[in-house]
Amino acid sequence: MPFTFQNSDLLPGQNYIAGTWLPARDGRILLVSDPATGEVFASVPDSGAHDARAAVDAAHAAFKAWRKVPAKQRAQIIKRWNDLIVAHTQDLGRLISSEQGKPLAEGTGEVAYAASYVEWFAEEATRADGAVIPAPVPGRRMFALREPVGVVAAVTPWNFPAAMIARKIAPALAAGCTVVCKPAEDTPLTSLALVKLAEEAGVPPGVLNIVTASRERAADVVDVWLDDARVRKITFTGSTPVGKHLARRSADTLKKLSLELGGNAPFIVFDDADLDAAVQGLMAAKFRNGGQTCVCPNRIYVQDGVHDAFVEKLAAQVAALKVGPATDPASQIGPMINARAVDKIERHVQDAVRQGARIVTGGTRLRPEGKDGACYYAPTVLTNVTAAMDCSCEETFGPIAPLTRFTDEAEVVEAANATPFGLAAYFYSRDVRRIWRLADALETGIVGVNEGALAAEAAPFGGVKDSGYGREGSRHGLEEYMHIKYVCQGQLD
Ligand code: SIN
């Protein structure tokens, strides 16, 4: 274990189905390793189709009663879940850092971030009201009632193992839905711990079910859910190809979908920007979680007049970042999630250099402490980056800041939008007219203006184009788990 835990109950190491902790039916296991060292430190079930079906049976059976639980009572249970998450911040933070690799300060920060969604949706549960519609004819009363969609399948990513579960499961439970969940194979432990706390908080058996599975068997689990008409909604965060596959495969049962998919965020610095604020904003947005976030700036455009000064200020800060394991309190950038991730980063940097980019700092794999299996990459700044390079077209998901020089606003807006993706965009400027021009012109679901840290439980998070659809967080995040039923009563006069 990379860390020691105060409460070992948070490591159940089993699936949770119909209120019971269980191994996979065929007894297979999935090993969990520390990305800093490659050392295996835990195991969870490697589930298959039978386990997935059992989870849906349980969620379907529990739905009838859970949807009828008064919203206030559901809210109290979810609020207790929030309180337990907060009370276990240190252990949960260590768990996140152990399996995902982010520095411990970020691990515990993610717990607070996750809890903020749980608390928010506990409160929203009691506000899921409908509407009384003025009737166009006498003797009628017309209503729009909001109802839970039913069983929800949540398929969650490894980069925020607590926060992504929280912002999918909390609104589902608040709406009165029941849930089956499959966390990412790299980070199953945090999700099991969160489900353990949900059990303790009083979420009734069958309302929340979780099965873990390896990359090889993930499709066995998810296919069962895609084919089962009792599953009424899929909520997924992950890659665009997988999101499109889920959309195609759920067409036969016409499930509702929320897809939070890949990004390729532009970050634009204009000549009139506050340069120090822009550097700080980029450091926060780009190097959070070692660059492994969907909203990370992936293409950085800097206007001629400030380009060289910006590069100098940025490079000084990037070169000073301390890379190391989560167990070292000084670490600011942890290991990447696995060797495949580092291979992709390396490929992007090599391709950029081959096509004429210049490495200002970084640009190498790292092996702090000389340990085999360590998945580190040096925080890197590249200049002279062009649209043809892989790092401009694909999401790198690593600590690489690729900079492109630009001259005028129209040119940079066109470049920023020249991607199939549309999750987040950022820009720095002090010109109020330009600010609103760009906020309108950028084709993304999220825009940061003079701000690098955008996510918040009260804000709608989600994309457009190939970055998916649906919103998480905010009041819109609850709507994703509800549908509207129109009720018309006649003969009233
Ligand atoms: C993500 O990378 O998918 C989520 C990032 C965030 O919540 O800010």
# chains A, B, ... in the order shown; residues from 1 in each chain; ligands from 1
$ residues_around --residues "Ala198 of chain A" --least-positions-apart "6" --cutoff "12 Å" --atoms "only C-alpha atoms" --output "ChimeraX atom specification"
/A:10,16,19,74,76-85,118,165-166,169-170,173,191-192,204-210
$ select_by_dssp --residues "segment 108-138 of chain A" --states "alpha helix (DSSP H)" --output "list in words"
Thr108, Gly109, Glu110, Val111, Ala112, Tyr113, Ala114, Ala115, Ser116, Tyr117, Val118, Glu119, Trp120, Phe121, Ala122, Glu123, Glu124 and Ala125 of chain A
$ residues_near_ligand --ligand "ligand 1" --cutoff "6 Å" --atoms "only C-alpha atoms and all ligand atoms" --output "mmCIF file with C-alpha atoms, in the first residue's frame"
data_model
loop_
_atom_site.group_PDB
_atom_site.id
_atom_site.type_symbol
_atom_site.label_atom_id
_atom_site.label_comp_id
_atom_site.auth_asym_id
_atom_site.auth_seq_id
_atom_site.Cartn_x
_atom_site.Cartn_y
_atom_site.Cartn_z
ATOM 1 C CA THR A 293 -8.325 16.286 -17.572
ATOM 2 C CA CYS A 294 -10.801 16.650 -20.424
ATOM 3 C CA VAL A 295 -10.864 20.431 -19.997
ATOM 4 C CA ALA A 455 -15.534 23.525 -12.679
#
$ closest_residue --among "A:Pro335, A:Pro136, A:Pro460, A:Pro402" --to "Ala378 of chain A" --atoms "only C-alpha atoms"
A:Pro335
$ residues_around --residues "Val311 of chain A" --least-positions-apart "2" --cutoff "12 Å" --atoms "only C-alpha atoms" --output "CSV table (one decimal) with C-alpha atoms, in the first residue's frame"
chain,number,residue,atom,x,y,z
A,269,VAL,CA,-3.7,34.9,-24.7
A,275,LEU,CA,0.2,38.3,-18.6
A,276,ASP,CA,0.8,37.1,-15.0
A,278,ALA,CA,-2.7,34.3,-17.9
A,279,VAL,CA,0.4,32.3,-16.9
A,282,LEU,CA,-2.6,28.2,-17.7
A,300,ILE,CA,-2.2,27.4,-26.6
A,301,TYR,CA,-2.3,30.4,-28.8
A,302,VAL,CA,-0.3,33.5,-27.9
A,303,GLN,CA,-0.4,36.8,-29.7
A,304,ASP,CA,2.7,38.2,-31.3
A,305,GLY,CA,3.2,41.2,-29.0
A,306,VAL,CA,3.4,39.1,-25.8
A,307,HIS,CA,4.5,35.7,-27.2
A,308,ASP,CA,8.2,35.8,-26.1
A,309,ALA,CA,7.5,37.3,-22.6
A,313,LYS,CA,7.3,33.4,-17.7
A,314,LEU,CA,5.6,30.1,-18.4
A,315,ALA,CA,8.8,28.1,-18.9
A,316,ALA,CA,10.2,29.3,-15.6
A,317,GLN,CA,7.1,28.1,-13.7
A,318,VAL,CA,6.9,24.8,-15.6
A,319,ALA,CA,10.6,24.0,-15.1
A,358,ARG,CA,11.1,23.6,-30.2
A,359,ILE,CA,11.3,22.2,-26.7
A,360,VAL,CA,11.7,25.1,-24.3
A,361,THR,CA,11.7,22.9,-21.2
A,380,THR,CA,7.1,20.4,-21.1
A,381,VAL,CA,6.7,23.6,-23.0
A,382,LEU,CA,6.8,23.5,-26.8
A,383,THR,CA,6.9,26.5,-29.2
A,384,ASN,CA,6.4,26.8,-33.0
A,401,ALA,CA,2.0,22.9,-23.1
A,402,PRO,CA,2.2,23.4,-26.9
A,403,LEU,CA,2.3,27.0,-27.9
A,404,THR,CA,1.4,28.6,-31.3
A,405,ARG,CA,2.0,32.2,-32.2
$ atom_distance --atom1 "atom CA of Glu216 of chain A" --atom2 "atom CA of Gly48 of chain A"
10.0 Å
$ residues_around --residues "Asp274 of chain A" --least-positions-apart "2" --cutoff "8 Å" --atoms "only C-alpha atoms" --output "JSON, numbers by chain"
{"A": [272, 276, 277, 278, 428, 429, 430]}
$ atom_distance --atom1 "atom CA of Val413 of chain A" --atom2 "atom CA of Leu442 of chain A"
6.9 Å
$ residues_around --residues "Ile446 of chain A" --least-positions-apart "6" --cutoff "9 Å" --atoms "only C-alpha atoms" --output "list in words"
Val295, Gly422, Leu423, Ala424, Ala425, Tyr426, Leu454, Pro460, Phe461, Gly462 and Gly463 of chain A
$ write_last_selection --atoms "N, CA, C and O atoms" --output "CSV table (one decimal), in the first residue's frame"
chain,number,residue,atom,x,y,z
A,295,VAL,N,-10.8,19.0,-19.7
A,295,VAL,CA,-10.9,20.4,-20.0
A,295,VAL,C,-9.5,21.1,-20.0
A,295,VAL,O,-9.4,22.3,-20.1
A,422,GLY,N,-15.5,20.1,-28.7
A,422,GLY,CA,-16.0,21.4,-28.2
A,422,GLY,C,-16.4,21.3,-26.8
A,422,GLY,O,-17.5,21.6,-26.4
A,423,LEU,N,-15.4,21.0,-25.9
A,423,LEU,CA,-15.7,20.9,-24.5
A,423,LEU,C,-15.4,22.3,-23.8
A,423,LEU,O,-16.3,23.0,-23.5
A,424,ALA,N,-14.1,22.7,-23.7
A,424,ALA,CA,-13.8,23.9,-23.0
A,424,ALA,C,-12.9,24.8,-23.9
A,424,ALA,O,-12.2,24.3,-24.8
A,425,ALA,N,-13.0,26.1,-23.6
A,425,ALA,CA,-12.1,27.1,-24.3
A,425,ALA,C,-11.7,28.1,-23.2
A,425,ALA,O,-12.6,28.4,-22.3
A,426,TYR,N,-10.6,28.7,-23.3
A,426,TYR,CA,-10.1,29.8,-22.4
A,426,TYR,C,-9.5,30.9,-23.2
A,426,TYR,O,-8.9,30.7,-24.2
A,454,LEU,N,-12.5,26.3,-13.8
A,454,LEU,CA,-13.9,26.6,-14.2
A,454,LEU,C,-14.9,25.7,-13.5
A,454,LEU,O,-16.0,26.1,-13.2
A,460,PRO,N,-23.0,24.3,-15.0
A,460,PRO,CA,-23.3,23.2,-16.0
A,460,PRO,C,-22.0,22.8,-16.7
A,460,PRO,O,-21.5,23.6,-17.5
A,461,PHE,N,-21.6,21.5,-16.6
A,461,PHE,CA,-20.3,21.1,-17.2
A,461,PHE,C,-20.7,20.1,-18.3
A,461,PHE,O,-21.4,19.2,-18.2
A,462,GLY,N,-20.2,20.4,-19.5
A,462,GLY,CA,-20.4,19.5,-20.7
A,462,GLY,C,-20.1,20.2,-22.0
A,462,GLY,O,-19.8,21.4,-22.0
A,463,GLY,N,-20.1,19.4,-23.1
A,463,GLY,CA,-19.6,19.9,-24.3
A,463,GLY,C,-20.6,19.9,-25.4
A,463,GLY,O,-21.8,19.7,-25.3
$ closest_residue --among "A:Thr407, A:Thr190, A:Thr444, A:Asn298" --to "Cys391 of chain A" --atoms "only C-alpha atoms"
A:Asn298
$ closest_residue --among "A:Glu123, A:Asp228, A:Asp431, A:Glu106" --to "Ala49 of chain A" --atoms "only C-alpha atoms"
A:Asp228
$ closest_atom_pairs --of "segment 157-252 of chain A" --to "segment 468-489 of chain A" --cutoff "7 Å" --atoms "only C-alpha atoms" --output "tab-separated table"
residue	atom	partner	partner_atom	distance
A:Arg167	CA	A:Glu472	CA	6.4
A:Pro171	CA	A:Leu478	CA	5.2
A:Ala172	CA	A:Tyr481	CA	5.7
A:Ala175	CA	A:Tyr481	CA	6.2
$ residues_around --residues "Val224 of chain A" --least-positions-apart "5" --cutoff "9 Å" --atoms "only C-alpha atoms" --output "PDB file with C-alpha atoms, in the first residue's frame"
ATOM      1  CA  ALA A  49     -22.104 -10.544 -17.815  1.00  0.00           C
ATOM      2  CA  HIS A  50     -23.715 -12.489 -14.965  1.00  0.00           C
ATOM      3  CA  ALA A  52     -23.841  -7.055 -14.641  1.00  0.00           C
ATOM      4  CA  ARG A  53     -27.255  -8.712 -15.027  1.00  0.00           C
ATOM      5  CA  VAL A  56     -29.641  -4.538 -13.150  1.00  0.00           C
ATOM      6  CA  ALA A 219     -17.526  -4.697 -22.713  1.00  0.00           C
TER       7      ALA A 219
END
$ residues_around --residues "segment 109-114 of chain A" --least-positions-apart "4" --cutoff "6 Å" --atoms "only C-alpha atoms" --output "list in words"
Thr89, Ala105, Ala162, Ala163 and Ala166 of chain A
$ closest_atom_pairs --of "segment 361-455 of chain A" --to "segment 341-345 of chain A" --cutoff "9 Å" --atoms "only C-alpha atoms" --output "tab-separated table"
residue	atom	partner	partner_atom	distance
A:Arg365	CA	A:Val342	CA	7.6
A:Cys375	CA	A:Val342	CA	6.3
A:Tyr376	CA	A:Val342	CA	7.0
A:Tyr377	CA	A:Val342	CA	6.7
A:Cys391	CA	A:Ile345	CA	8.5
A:Thr396	CA	A:Ile345	CA	6.0
A:Phe397	CA	A:Ile345	CA	7.4
A:Gly398	CA	A:Ile345	CA	6.3
A:Pro399	CA	A:Ile345	CA	8.3
A:Ile400	CA	A:Ile345	CA	7.8
$ decode --residues "segment 427-465 of chain A" --atoms "N, CA and C atoms" --output "short mmCIF file (atom, residue, chain, number, x, y, z; two decimals), in the first residue's frame"
data_model
loop_
_atom_site.label_atom_id
_atom_site.label_comp_id
_atom_site.auth_asym_id
_atom_site.auth_seq_id
_atom_site.Cartn_x
_atom_site.Cartn_y
_atom_site.Cartn_z
N PHE A 427 -9.76 32.13 -22.69
CA PHE A 427 -8.96 33.22 -23.26
C PHE A 427 -8.74 34.32 -22.24
N TYR A 428 -7.65 35.07 -22.46
CA TYR A 428 -7.28 36.17 -21.57
C TYR A 428 -7.22 37.46 -22.38
N SER A 429 -8.01 38.43 -21.95
CA SER A 429 -8.06 39.73 -22.62
C SER A 429 -8.69 40.72 -21.65
N ARG A 430 -8.36 42.02 -21.82
CA ARG A 430 -9.01 43.02 -20.97
C ARG A 430 -9.99 43.87 -21.76
N ASP A 431 -10.24 43.51 -23.00
CA ASP A 431 -11.14 44.29 -23.86
C ASP A 431 -12.56 43.72 -23.74
N VAL A 432 -13.46 44.51 -23.15
CA VAL A 432 -14.79 43.97 -22.84
C VAL A 432 -15.57 43.60 -24.10
N ARG A 433 -15.36 44.33 -25.19
CA ARG A 433 -16.09 43.97 -26.42
C ARG A 433 -15.56 42.66 -27.00
N ARG A 434 -14.25 42.53 -26.94
CA ARG A 434 -13.65 41.28 -27.44
C ARG A 434 -14.12 40.10 -26.57
N ILE A 435 -14.23 40.34 -25.28
CA ILE A 435 -14.62 39.26 -24.37
C ILE A 435 -15.97 38.68 -24.80
N TRP A 436 -16.93 39.54 -25.08
CA TRP A 436 -18.25 39.00 -25.46
C TRP A 436 -18.27 38.46 -26.89
N ARG A 437 -17.45 39.08 -27.76
CA ARG A 437 -17.33 38.53 -29.13
C ARG A 437 -16.84 37.08 -29.07
N LEU A 438 -15.80 36.86 -28.28
CA LEU A 438 -15.22 35.51 -28.23
C LEU A 438 -16.10 34.52 -27.48
N ALA A 439 -16.70 35.01 -26.39
CA ALA A 439 -17.59 34.11 -25.63
C ALA A 439 -18.68 33.57 -26.54
N ASP A 440 -19.15 34.44 -27.48
CA ASP A 440 -20.17 34.00 -28.45
C ASP A 440 -19.56 33.10 -29.53
N ALA A 441 -18.36 33.44 -29.98
CA ALA A 441 -17.82 32.78 -31.19
C ALA A 441 -17.22 31.41 -30.93
N LEU A 442 -16.78 31.16 -29.71
CA LEU A 442 -16.09 29.88 -29.46
C LEU A 442 -17.10 28.74 -29.39
N GLU A 443 -16.84 27.68 -30.14
CA GLU A 443 -17.80 26.57 -30.25
C GLU A 443 -17.50 25.51 -29.20
N THR A 444 -17.79 25.84 -27.95
CA THR A 444 -17.56 24.90 -26.84
C THR A 444 -18.70 25.01 -25.83
N GLY A 445 -18.81 24.01 -24.97
CA GLY A 445 -19.85 24.06 -23.93
C GLY A 445 -19.44 24.90 -22.74
N ILE A 446 -18.14 25.15 -22.60
CA ILE A 446 -17.61 25.87 -21.43
C ILE A 446 -16.59 26.89 -21.93
N VAL A 447 -16.68 28.12 -21.41
CA VAL A 447 -15.69 29.15 -21.79
C VAL A 447 -15.15 29.80 -20.52
N GLY A 448 -13.84 29.83 -20.39
CA GLY A 448 -13.20 30.52 -19.28
C GLY A 448 -12.66 31.85 -19.77
N VAL A 449 -13.12 32.94 -19.16
CA VAL A 449 -12.62 34.27 -19.54
C VAL A 449 -11.78 34.79 -18.39
N ASN A 450 -10.50 34.94 -18.62
CA ASN A 450 -9.56 35.38 -17.58
C ASN A 450 -9.64 34.48 -16.35
N GLU A 451 -9.86 33.20 -16.56
CA GLU A 451 -10.00 32.25 -15.46
C GLU A 451 -9.60 30.86 -15.96
N GLY A 452 -8.77 30.17 -15.15
CA GLY A 452 -8.33 28.83 -15.56
C GLY A 452 -9.02 27.70 -14.83
N ALA A 453 -9.65 28.00 -13.69
CA ALA A 453 -10.30 26.95 -12.89
C ALA A 453 -11.81 27.13 -13.00
N LEU A 454 -12.46 26.32 -13.80
CA LEU A 454 -13.86 26.60 -14.17
C LEU A 454 -14.88 25.72 -13.45
N ALA A 455 -14.52 24.49 -13.14
CA ALA A 455 -15.53 23.53 -12.68
C ALA A 455 -16.05 23.89 -11.29
N ALA A 456 -17.35 23.74 -11.09
CA ALA A 456 -17.97 23.98 -9.80
C ALA A 456 -19.30 23.25 -9.80
N GLU A 457 -19.73 22.81 -8.63
CA GLU A 457 -20.96 22.02 -8.55
C GLU A 457 -22.18 22.81 -9.05
N ALA A 458 -22.12 24.14 -8.95
CA ALA A 458 -23.28 24.94 -9.33
C ALA A 458 -23.29 25.28 -10.82
N ALA A 459 -22.24 24.83 -11.55
CA ALA A 459 -22.11 25.21 -12.97
C ALA A 459 -22.41 24.01 -13.87
N PRO A 460 -23.01 24.26 -15.04
CA PRO A 460 -23.28 23.16 -15.97
C PRO A 460 -22.02 22.78 -16.75
N PHE A 461 -21.58 21.55 -16.59
CA PHE A 461 -20.34 21.06 -17.20
C PHE A 461 -20.70 20.13 -18.35
N GLY A 462 -20.17 20.39 -19.54
CA GLY A 462 -20.44 19.50 -20.68
C GLY A 462 -20.07 20.17 -21.98
N GLY A 463 -20.11 19.39 -23.06
CA GLY A 463 -19.60 19.90 -24.32
C GLY A 463 -20.61 19.95 -25.44
N VAL A 464 -20.10 20.32 -26.62
CA VAL A 464 -20.87 20.30 -27.86
C VAL A 464 -20.02 19.53 -28.89
N LYS A 465 -20.57 19.34 -30.09
CA LYS A 465 -19.87 18.62 -31.17
C LYS A 465 -19.38 17.25 -30.66
#
